[in-house]
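Notes follow once the structure below has been shown.
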Amino acid sequence: MKISIVTVSYNSAATIADTLRSVATQTYTDIEHLIIDGQSSDKTMQVVDAHSHPKLIFSSESDNGIYDAMNKGVERATGEVIGILNSDDFYVHENVLNEVATAFASDPTLDVLLGDVDFVKSGDLENPVRTYRGAGFKTWMFRLGFMPPHPAVFVRKTAYKRVGSYKTSYKIAADFDFLLRLLLIDGAKYQATGKHWVRMLTGGASTSGWRSNFVITKEMRRSLLENKVFSSMLMLLLRLPVKFFRQINLCM
């Protein structure tokens, strides 16, 4: 079973080396790593070249944003299973993809695997400041604005073909919309593993403060309306204090 990892990058020279190393050192070998770069103007290409290996596929071309680049990666992927790993994310240990392959191989009807993501700061990659859990996720939680952690979600390519691509009209929440369509509307069979698979640097588009929280909440509401799923702005806003107190408790 080949696993395709798609990494979207743009001016990611400061972070992408950890991403590349974490994929290259996986014990599971039937993989491909597609880097879809948006014509970076920094030294991203040099960093990728320094970590080049036979299973790494690099392309750099103009795109219409991060979700357009993700769509390109998914379309070009030749693996049976696809994971999206951002250019400031990395796998926690070298057996992550082996665990993923084992779970999919044990159940041919399984469409989606959910892992957990630890948020870390750039100066301290070993001590999480918050954990984003896939364990315990239920599809009704979409109504409250909760979703599985996208970088630790692995999806069969056949499920992508059923559900369609990421909608590029969203600025931040196209992953929410895709997972809503996949897990709730399509009813794809999923399993929450409870395993910590990914570490993510804080400060990305979806974790950079109240302004991004406001934008993503509006876009979540739009996705729920478009997919005819009942919710409200009040229901979606209630998730924010939950996220805040989870982070405070982990830091104490």
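Chain labels follow the order of the structure tokens: the first chain is A, the next B, and so on; residue numbering restarts at 1 in every chain, and ligands are counted from 1 in their shown order.
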Closest atom pairs, segment 143-186 of chain A residues within 10 Å of segment 4-17 of chain A, only C-alpha atoms, as CSV:
residue,atom,partner,partner_atom,distance
A:Pro151,CA,A:Thr7,CA,10.0
A:Phe154,CA,A:Ile5,CA,9.2
A:Val155,CA,A:Ser4,CA,10.0
A:Arg156,CA,A:Ser4,CA,9.9
A:Lys157,CA,A:Ser4,CA,9.5
Emit the selected residues as a compact mmCIF listing (two decimals), in the first residue's frame, including C-alpha atoms.
# COMPACT_ATOMS: atom_id res chain seq x y z
CA PRO A 151 -2.47 17.27 9.46
CA PHE A 154 -5.20 10.15 6.33
CA VAL A 155 -7.73 9.51 3.56
CA ARG A 156 -8.04 6.85 0.88
CA LYS A 157 -7.80 8.37 -2.58
Tell me, as an MDAnalysis selection string, which residues lie within 8 Å of segment 167-180 of chain A, counting only C-alpha atoms; anything in the same chain fewer than 3 positions away does not count. chainID A and resid 64:65 67:68 139 142 147:148 150 163 183:185 205:206 215:216 219:220 223:224
If we count only C-alpha atoms, what is near segment 27-30 of chain A at a cut-off of 10 Å, once residues fewer than 3 positions away on the same chain are taken out, given as a count of residues only? 17
Test item, helix (DSSP H, G or I) assignment across segment 55-191 of chain A, answer as an NGL selection string: :A and (66-76 or 96-106 or 139-144 or 150-152 or 157-163 or 174-185)
Rounded to one decimal place, report the atom CA of Thr131 of chain A-atom CA of Phe119 of chain A distance in Å. 6.0 Å
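Taking segment 124-240 of chain A and asking which residues DSSP calls strand (DSSP E or B) on the backbone, you get Asp124, Arg130, Thr131, Tyr132, Val153, Phe154, Val155, Arg156, Tyr190, Gln191, Ala192, Thr193, Gly194, Lys195, His196, Trp197, Val198, Arg199, Met200 and Leu201 of chain A.
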Counting only C-alpha atoms, the option among A:Met141, A:Phe214, A:Glu61, A:Leu34 closest to Thr19 of chain A: A:Leu34
Could you check how far atom CA of Lys121 of chain A sits from atom CA of Met200 of chain A, in Å to one decimal?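 These atoms are spaced 8.3 Å apart.
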